[in-house]
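Single-structure report; data block below.
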Number of protein chains: 2
Amino acid sequence: MNIPATDLPRIVIIGCGFAGLRFGKVIDTRNYQVVLLDKNNYHTFQPLMYQVATAGLEPDSIVYPIRKVFGGKRNFYFRMAEVSHVDTDSKSIHTDIGSLDYDHLIVCTGATNNFFGMEAMQRHGRPMKSLNESLDLRSNILQNFEAALNTTDLEEREALMDFVIVGAGATGVELAGALAELKKHVLPNDYPDLDVRRMQIHVIEAGPSVLSAMSEQASKKSEAFLRKMGVHVWLDTKVLDYDGHTVTTDKQTLKARTLIWSAGVQGDPVRGLGVEMGRGRRIPVDEHAQVKGLDGVIALGDVALMHTEDYPNGHPMLASVAGQMGEWSAKNFNRKAKGKDLRPFRYVDKGTMATVGRNLAVVDLKRFKFSGLFAWLTWMFVHLMLLVDYRSRLIVFMNWVWSYIKYDKGTRLIIRKVK
Amino acid sequence: MNIPATDLPRIVIIGCGFAGLRFGKVIDTRNYQVVLLDKNNYHTFQPLMYQVATAGLEPDSIVYPIRKVFGGKRNFYFRMAEVSHVDTDSKSIHTDIGSLDYDHLIVCTGATNNFFGMEAMQRHGRPMKSLNESLDLRSNILQNFEAALNTTDLEEREALMDFVIVGAGATGVELAGALAELKKHVLPNDYPDLDVRRMQIHVIEAGPSVLSAMSEQASKKSEAFLRKMGVHVWLDTKVLDYDGHTVTTDKQTLKARTLIWSAGVQGDPVRGLGVEMGRGRRIPVDEHAQVKGLDGVIALGDVALMHTEDYPNGHPMLASVAGQMGEWSAKNFNRKAKGKDLRPFRYVDKGTMATVGRNLAVVDLKRFKFSGLFAWLTWMFVHLMLLVDYRSRLIVFMNWVWSYIKYDKGTRLIIRKVK
């Protein structure tokens, strides 16, 4: 790879998710040469991806050019590259644009879909873990409605209009809510020839509650919101099979041409580390995020499994954890360069939140849990502020205001057809 | 095709460009059943497509969902369908979603690239006539710069950074200007390791002037603007060959990995009409836009060749002509239904304009020609007003203001890689 030689120690970061982004921002490049690798030239703001999938936002307003984030940072090199594997003996990384040696390797490769070995889900289910998958889902939803117009077989028409979402975590709940809003406000105008009231949205959850990572109050409230919006919520229900037409669970069968898989994620470690992965295919690391048994390799964010007193089974796979870890680790590198002691990682949980629909959201803060309109406004404000730049904030804000006033979603476009 | 039977005469419109869109808006569906077919579910505002290709605008802000345009219009059916051919004897249309009979067929299939039989251009050149081609061009420009970082071969690096645009019509000039702005304001920040000053932008024009469809003043001014911005303008120069690396003209050879083809368009008539096409592969029509020799077939916009006193060789292939023709023809249908006389078509030329760069544009009005800052503001205002809805206007306007203040282009994203 075409990176200038240097006397400084070289840090190579793989992946520009929240951990890689924060690490790259905070690391002091007077003491290190830093090379950031990502297969895309943009950072994705994953928490709003479901709005791209449901035609609420343009993809461009939730992804951000990496070169712009780091523009002007000296001694910092971004390369768009797909990493094939690392060699920890020779301390080198191998990619589709060549190889590179490292002194310190920061693995921030995040998470990917976990189908729990169910091949049928992998083949016929539609995941939403990357921007391209979200765009495909958007095309898929709209293409189904176009196709529903073209069939006179009523059973097939309803199967085209029905959506089964597996998993009632934040992604599943937010997607279900957004689909319910499309059903109520947008699709009846777009498809007057179809009886859109017959469109069914099912959420299937193996556990006993939706949003199980949040408080009981938030679980109960969000379930009530979903039901109020006409979403069928099936708790304690296991999905067994799907052939692209029929979803089989341990309780019933459902006809649906679209099954959205949001039931699980797992770590997406880089190949070649040669260590045994922990729970959820995450890389076991020590209290300094060092990969156990490897020299100079650190893992951060979703892909890292760090056992602490507060989180004995590892931290939750959340953007906020990843961002804080990235920042903390970079600060430790900066401290080390100045001869200072390293600090331990402590995740500060500022609260979690999820939105279900118009005026309907749930927020868990440490001392205070609330839901409804005020929670929804809080959710919007926090997510706007988390966006990387002012331009995105402005455009997302305008889209939201527009949708709110007009009961409309602006971007129901099939730019690239799927299948 | 699944369209309700009707006692009213059925009008089928093929294509939702400017002609089809205006026709569909104006036609009175109390007197006709109207079916609109398009292979996409959106209308494209082509005049701003070059800004998508050069990372200035999101695709979503210049395309518009067709169902939204016609939402609530009774007796009006949109179907996303690819027309394979028409059968004028049986008065039927054949598509990928089935067949349909028509009483009146409105062919608004627009224009496509004309490579003048040069296979090398078709194979290696990059056109920009559809939204997907624009997005591919955007990815192509950015991927080239990423690739330039990864080569140590200086000649190859410069070939990756050089762009040859063939054709100095509005598209060629506007693209060249936008590339020159990327070169000046954006790329040096994004690629500090590259000597972006070495990036060359060439415009090759076979004729003696740029923007030859406009006034001499506009031609001269826009050429001067381009040269001022560092673009190499080659007039009276014919492109002979291109192998993906080397552009051969009758004057010189240029090394460039990207050749953008904007040298010509031609009509894109639907198959099966069985009439001989006229100049520029356009469909010859009479003064009522009736296709000569066919019953109940009308052609409008770029694809139609109507000889009038003012335009003995047919009208220019412009959005404004297509829009006016669509509106005029629909009004004639409405008049006919009321037993009124048909009106002849008369194109009202409200002026033409093109923008080259920041504060630099040329405007030709009937009595008044001007250029520079005021022309640029006029160009922006007119194009904003021409956008289909308020939401797009707002978002495009904000993007422009942002770019103007920050000397930046927001959307330099490689969402789908090309090649």
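Chain labels follow the order of the structure tokens: the first chain is A, the next B, and so on; residue numbering restarts at 1 in every chain, and ligands are counted from 1 in their shown order.
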
TODO: List every residue of stretch 75-223 of chain A that DSSP, applied to the backbone of this structure, places in strand (DSSP E), and write the result as number ranges by chain.
DONE: A: 76-80, 83-87, 92-95, 98-101, 104-107, 111-113, 126-127, 163-166, 201-204

Those same residues, written as a JSON list (two decimals), in the first residue's frame with N, CA and C atoms?
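Written file, out30.json:
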[["chain", "number", "residue", "atom", "x", "y", "z"],
["A", 76, "PHE", "N", -2.24, 11.54, 8.81],
["A", 76, "PHE", "CA", -3.40, 10.67, 8.87],
["A", 76, "PHE", "C", -3.75, 10.26, 7.44],
["A", 77, "TYR", "N", -3.87, 8.98, 7.18],
["A", 77, "TYR", "CA", -4.12, 8.49, 5.83],
["A", 77, "TYR", "C", -5.35, 7.61, 5.81],
["A", 78, "PHE", "N", -6.33, 7.98, 4.98],
["A", 78, "PHE", "CA", -7.47, 7.08, 4.79],
["A", 78, "PHE", "C", -7.29, 6.34, 3.48],
["A", 79, "ARG", "N", -7.55, 5.04, 3.48],
["A", 79, "ARG", "CA", -7.56, 4.27, 2.24],
["A", 79, "ARG", "C", -8.84, 3.45, 2.18],
["A", 80, "MET", "N", -9.54, 3.53, 1.05],
["A", 80, "MET", "CA", -10.71, 2.70, 0.85],
["A", 80, "MET", "C", -10.21, 1.32, 0.44],
["A", 83, "VAL", "N", -10.18, -5.39, 3.67],
["A", 83, "VAL", "CA", -9.13, -6.18, 4.33],
["A", 83, "VAL", "C", -9.44, -7.66, 4.14],
["A", 84, "SER", "N", -8.49, -8.42, 3.60],
["A", 84, "SER", "CA", -8.75, -9.86, 3.47],
["A", 84, "SER", "C", -8.34, -10.58, 4.76],
["A", 85, "HIS", "N", -7.16, -10.27, 5.29],
["A", 85, "HIS", "CA", -6.76, -10.88, 6.57],
["A", 85, "HIS", "C", -5.56, -10.14, 7.15],
["A", 86, "VAL", "N", -5.28, -10.42, 8.41],
["A", 86, "VAL", "CA", -4.08, -9.86, 9.02],
["A", 86, "VAL", "C", -3.14, -11.01, 9.36],
["A", 87, "ASP", "N", -1.86, -10.66, 9.43],
["A", 87, "ASP", "CA", -0.85, -11.63, 9.84],
["A", 87, "ASP", "C", -0.20, -11.07, 11.10],
["A", 92, "SER", "N", 1.33, -7.54, 9.79],
["A", 92, "SER", "CA", 0.97, -6.91, 8.52],
["A", 92, "SER", "C", -0.51, -7.18, 8.19],
["A", 93, "ILE", "N", -1.05, -6.29, 7.36],
["A", 93, "ILE", "CA", -2.46, -6.37, 6.96],
["A", 93, "ILE", "C", -2.51, -6.55, 5.45],
["A", 94, "HIS", "N", -3.38, -7.42, 4.98],
["A", 94, "HIS", "CA", -3.46, -7.68, 3.55],
["A", 94, "HIS", "C", -4.83, -7.26, 3.03],
["A", 95, "THR", "N", -4.82, -6.42, 2.00],
["A", 95, "THR", "CA", -6.07, -5.86, 1.47],
["A", 95, "THR", "C", -6.10, -5.98, -0.05],
["A", 98, "GLY", "N", -3.28, -3.96, -1.61],
["A", 98, "GLY", "CA", -1.91, -4.19, -1.19],
["A", 98, "GLY", "C", -1.79, -4.43, 0.30],
["A", 99, "SER", "N", -0.56, -4.58, 0.77],
["A", 99, "SER", "CA", -0.30, -4.92, 2.17],
["A", 99, "SER", "C", 0.31, -3.74, 2.90],
["A", 100, "LEU", "N", 0.29, -3.83, 4.22],
["A", 100, "LEU", "CA", 0.78, -2.73, 5.03],
["A", 100, "LEU", "C", 1.22, -3.28, 6.38],
["A", 101, "ASP", "N", 2.37, -2.80, 6.88],
["A", 101, "ASP", "CA", 2.80, -3.19, 8.22],
["A", 101, "ASP", "C", 2.20, -2.28, 9.26],
["A", 104, "HIS", "N", 0.66, -0.84, 15.73],
["A", 104, "HIS", "CA", -0.55, -1.08, 16.52],
["A", 104, "HIS", "C", -1.72, -1.27, 15.57],
["A", 105, "LEU", "N", -2.49, -2.30, 15.83],
["A", 105, "LEU", "CA", -3.66, -2.56, 14.99],
["A", 105, "LEU", "C", -4.92, -2.34, 15.82],
["A", 106, "ILE", "N", -5.80, -1.49, 15.31],
["A", 106, "ILE", "CA", -7.05, -1.21, 16.02],
["A", 106, "ILE", "C", -8.19, -1.83, 15.21],
["A", 107, "VAL", "N", -8.76, -2.90, 15.72],
["A", 107, "VAL", "CA", -9.81, -3.61, 15.00],
["A", 107, "VAL", "C", -11.17, -3.04, 15.43],
["A", 111, "ALA", "N", -20.20, -5.19, 13.72],
["A", 111, "ALA", "CA", -21.05, -6.37, 13.81],
["A", 111, "ALA", "C", -21.72, -6.65, 12.48],
["A", 112, "THR", "N", -22.18, -7.85, 12.33],
["A", 112, "THR", "CA", -22.91, -8.23, 11.12],
["A", 112, "THR", "C", -24.13, -9.05, 11.55],
["A", 113, "ASN", "N", -24.95, -9.41, 10.57],
["A", 113, "ASN", "CA", -26.16, -10.17, 10.89],
["A", 113, "ASN", "C", -25.83, -11.54, 11.46],
["A", 126, "ARG", "N", -34.45, -10.54, 4.60],
["A", 126, "ARG", "CA", -33.81, -9.31, 4.17],
["A", 126, "ARG", "C", -33.22, -8.62, 5.40],
["A", 127, "PRO", "N", -31.91, -8.52, 5.48],
["A", 127, "PRO", "CA", -31.31, -7.86, 6.64],
["A", 127, "PRO", "C", -31.21, -6.34, 6.40],
["A", 163, "PHE", "N", -45.72, -7.81, 5.76],
["A", 163, "PHE", "CA", -44.32, -7.76, 6.17],
["A", 163, "PHE", "C", -44.14, -8.44, 7.52],
["A", 164, "VAL", "N", -43.20, -9.34, 7.58],
["A", 164, "VAL", "CA", -42.89, -10.00, 8.84],
["A", 164, "VAL", "C", -41.50, -9.53, 9.28],
["A", 165, "ILE", "N", -41.44, -8.99, 10.47],
["A", 165, "ILE", "CA", -40.17, -8.54, 11.03],
["A", 165, "ILE", "C", -39.81, -9.49, 12.15],
["A", 166, "VAL", "N", -38.64, -10.09, 12.05],
["A", 166, "VAL", "CA", -38.22, -11.02, 13.09],
["A", 166, "VAL", "C", -37.26, -10.30, 14.02],
["A", 201, "ILE", "N", -48.60, -6.00, 9.27],
["A", 201, "ILE", "CA", -47.22, -5.90, 9.76],
["A", 201, "ILE", "C", -47.11, -6.75, 11.02],
["A", 202, "HIS", "N", -46.25, -7.75, 10.95],
["A", 202, "HIS", "CA", -46.06, -8.65, 12.08],
["A", 202, "HIS", "C", -44.66, -8.48, 12.65],
["A", 203, "VAL", "N", -44.58, -8.44, 13.97],
["A", 203, "VAL", "CA", -43.27, -8.49, 14.63],
["A", 203, "VAL", "C", -43.22, -9.76, 15.45],
["A", 204, "ILE", "N", -42.22, -10.57, 15.19],
["A", 204, "ILE", "CA", -42.11, -11.85, 15.89],
["A", 204, "ILE", "C", -40.89, -11.81, 16.80]]

Could you tell me which residues of chain A sit within 7 Å of chain B when counting only C-alpha atoms, and give me the result as an mmCIF file with C-alpha atoms, in the first residue's frame?
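selection_39.cif was written with the following content:
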data_model
loop_
_atom_site.group_PDB
_atom_site.id
_atom_site.type_symbol
_atom_site.label_atom_id
_atom_site.label_comp_id
_atom_site.auth_asym_id
_atom_site.auth_seq_id
_atom_site.Cartn_x
_atom_site.Cartn_y
_atom_site.Cartn_z
ATOM 1 C CA MET A 1 0.000 0.000 0.000
ATOM 2 C CA ASN A 2 1.215 3.438 -0.907
ATOM 3 C CA ASN A 41 -15.582 5.974 1.668
ATOM 4 C CA TYR A 42 -18.252 7.005 4.167
ATOM 5 C CA GLU A 58 -32.143 10.131 1.659
ATOM 6 C CA ASP A 60 -26.875 10.787 1.633
ATOM 7 C CA PRO A 65 -17.591 11.170 3.590
ATOM 8 C CA ARG A 67 -12.227 12.194 3.900
ATOM 9 C CA LYS A 68 -14.262 15.161 4.996
ATOM 10 C CA GLY A 71 -9.734 16.670 6.173
ATOM 11 C CA GLY A 72 -6.628 18.577 7.198
ATOM 12 C CA MET A 80 -10.714 2.696 0.848
ATOM 13 C CA ILE A 97 -5.032 -2.640 -2.654
ATOM 14 C CA GLU A 146 -46.104 -2.279 -7.649
ATOM 15 C CA LEU A 149 -51.140 -4.100 -8.522
ATOM 16 C CA ASN A 150 -50.238 -6.560 -11.238
ATOM 17 C CA ASN A 189 -52.672 7.751 -1.561
ATOM 18 C CA ASP A 190 -50.043 6.090 -3.715
ATOM 19 C CA ILE A 395 -31.427 18.309 5.905
ATOM 20 C CA THR A 411 -38.155 9.519 -0.978
ATOM 21 C CA ARG A 412 -40.204 6.539 -2.038
ATOM 22 C CA LEU A 413 -37.987 5.862 -5.009
ATOM 23 C CA ILE A 414 -36.827 2.636 -6.575
#

Contact residues around B:Phe115 with only C-alpha atoms at 10 Å, ignoring same-chain residues under 5 positions, as a PDB file with C-alpha atoms, in the first residue's frame:
ATOM      1  CA  ALA B 120     -15.296   2.398 -28.769  1.00  0.00           C
ATOM      2  CA  MET B 121     -17.213   5.310 -27.201  1.00  0.00           C
ATOM      3  CA  GLN B 122     -20.149   3.116 -26.376  1.00  0.00           C
ATOM      4  CA  ARG B 123     -17.893   0.574 -24.709  1.00  0.00           C
ATOM      5  CA  GLY B 125     -17.188   6.200 -22.676  1.00  0.00           C
ATOM      6  CA  PRO B 127     -22.733   8.712 -20.644  1.00  0.00           C
ATOM      7  CA  TRP B 261     -19.817  11.300 -23.575  1.00  0.00           C
ATOM      8  CA  SER B 262     -22.104  14.298 -23.982  1.00  0.00           C
ATOM      9  CA  ALA B 263     -21.668  14.789 -27.711  1.00  0.00           C
ATOM     10  CA  GLY B 264     -25.030  13.726 -28.905  1.00  0.00           C
ATOM     11  CA  VAL B 265     -28.484  12.437 -28.246  1.00  0.00           C
ATOM     12  CA  GLN B 266     -31.033  10.804 -30.458  1.00  0.00           C
TER      13      GLN B 266
END

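When only C-alpha atoms are used to compute distances to A:Pro316, the closest of the residues A:Asp349, A:Glu82, A:Glu156, A:Asp241 turns out to be A:Asp349.
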
- prompt: Any idea what's packed within 9 Å of B:Leu226, counting only C-alpha atoms, ignoring anything in its chain fewer than 2 positions away? Could you give it as a ChimeraX atom specification?
  reply: /B:173,176-177,180,221-224,228-233,356-357

For A:Tyr347: contacts at 9 Å, only C-alpha atoms, fewer than 5 positions along chain excluded, given as a ChimeraX atom specification: /A:310,315,320-321,324-325

Selection export as a PDB file, in the first residue's frame, atoms kept: C-alpha atoms:
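Result file follows (result_39.pdb):
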ATOM      1  CA  ASP A 310     -20.408  -3.386  35.464  1.00  0.00           C
ATOM      2  CA  HIS A 315     -20.875  -4.262  26.864  1.00  0.00           C
ATOM      3  CA  SER A 320     -22.662   4.931  22.218  1.00  0.00           C
ATOM      4  CA  VAL A 321     -20.445   2.189  23.677  1.00  0.00           C
ATOM      5  CA  GLN A 324     -16.853   6.018  24.001  1.00  0.00           C
ATOM      6  CA  MET A 325     -14.468   3.079  23.609  1.00  0.00           C
TER       7      MET A 325
END

Please identify which residues in stretch 61-251 of chain A DSSP calls helix (DSSP H, G or I) from the backbone, and express them as an MDAnalysis selection string. chainID A and resid 61 66:69 119:124 131:149 154:161 170:190 196:198 216:228

Restricting to only C-alpha atoms, whichever of A:Asp302, A:Leu387, A:Lys39, A:Gly323 is closest to A:Asp96 is A:Lys39

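For B:His307, the non-local neighbours within 9 Å, defined as residues at least 2 positions apart in the same chain or in other chains and counting only C-alpha atoms, are Pro284, Val285, Asp286, Glu287, Leu305, Glu309, Asp310, Tyr311, Pro312, Asn313, Gly314 and His315 of chain B.
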
What would the file look like if the residues just selected were written as a short mmCIF file (atom, residue, chain, number, x, y, z; two decimals), in the first residue's frame with C-alpha atoms?
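Result written to selection.cif:
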data_model
loop_
_atom_site.label_atom_id
_atom_site.label_comp_id
_atom_site.auth_asym_id
_atom_site.auth_seq_id
_atom_site.Cartn_x
_atom_site.Cartn_y
_atom_site.Cartn_z
CA PRO B 284 -42.10 12.27 -37.79
CA VAL B 285 -45.42 13.79 -36.69
CA ASP B 286 -47.92 16.16 -38.26
CA GLU B 287 -49.09 19.48 -36.84
CA LEU B 305 -40.05 15.48 -35.05
CA GLU B 309 -42.63 27.40 -39.79
CA ASP B 310 -40.47 28.52 -36.87
CA TYR B 311 -38.67 25.20 -36.60
CA PRO B 312 -38.47 23.66 -40.07
CA ASN B 313 -36.00 20.99 -38.86
CA GLY B 314 -37.95 20.14 -35.74
CA HIS B 315 -37.82 21.66 -32.28
#

Checklist entry - Skipping near chain neighbours, those fewer than 3 positions away, what residues fall within 8 Å of B:Glu205 using only C-alpha atoms, listed as an NGL selection string? => result :B and (166-168 or 208-210 or 233-238 or 263)

Keeping only N, CA and C atoms, write the selected residues as a compact mmCIF listing (two decimals), in the first residue's frame.
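Result went into result20.txt, see below:
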# COMPACT_ATOMS: atom_id res chain seq x y z
N VAL B 166 -16.52 14.88 -24.01
CA VAL B 166 -16.72 15.06 -25.44
C VAL B 166 -18.08 15.71 -25.67
N GLY B 167 -18.05 16.87 -26.31
CA GLY B 167 -19.28 17.60 -26.56
C GLY B 167 -19.40 18.80 -25.64
N ALA B 168 -19.55 20.00 -26.23
CA ALA B 168 -19.62 21.22 -25.43
C ALA B 168 -21.01 21.84 -25.50
N PRO B 208 -17.27 24.77 -33.98
CA PRO B 208 -16.38 25.91 -33.75
C PRO B 208 -16.65 26.66 -32.45
N SER B 209 -17.67 26.27 -31.66
CA SER B 209 -17.95 27.03 -30.44
C SER B 209 -18.59 26.14 -29.37
N VAL B 210 -18.49 26.59 -28.12
CA VAL B 210 -19.22 25.90 -27.06
C VAL B 210 -20.64 26.44 -27.03
N VAL B 233 -10.29 23.82 -23.47
CA VAL B 233 -11.37 23.74 -24.44
C VAL B 233 -10.77 23.54 -25.83
N TRP B 234 -11.11 22.43 -26.48
CA TRP B 234 -10.60 22.13 -27.81
C TRP B 234 -11.75 22.23 -28.80
N LEU B 235 -11.77 23.30 -29.58
CA LEU B 235 -12.84 23.47 -30.57
C LEU B 235 -12.39 22.90 -31.91
N ASP B 236 -13.35 22.71 -32.83
CA ASP B 236 -13.05 22.16 -34.16
C ASP B 236 -12.21 20.89 -34.06
N THR B 237 -12.47 20.12 -33.05
CA THR B 237 -11.65 18.93 -32.81
C THR B 237 -12.56 17.70 -32.77
N LYS B 238 -12.20 16.72 -33.56
CA LYS B 238 -13.03 15.51 -33.64
C LYS B 238 -12.40 14.37 -32.85
N ALA B 263 -21.79 14.21 -26.37
CA ALA B 263 -21.67 14.79 -27.71
C ALA B 263 -22.93 14.64 -28.53

Pairwise distance, atom CA of B:Val52 with atom CA of B:Ser134, equals 6.3 Å

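Across the model, the gap from atom CA of B:Gln217 to atom CA of B:Met353 is 12.0 Å.
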
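Residue nearest B:Asn114 within the list B:Arg257, B:Lys129, B:Arg138, B:Lys338: B:Lys129 [criterion: smallest interatomic distance, only C-alpha atoms].
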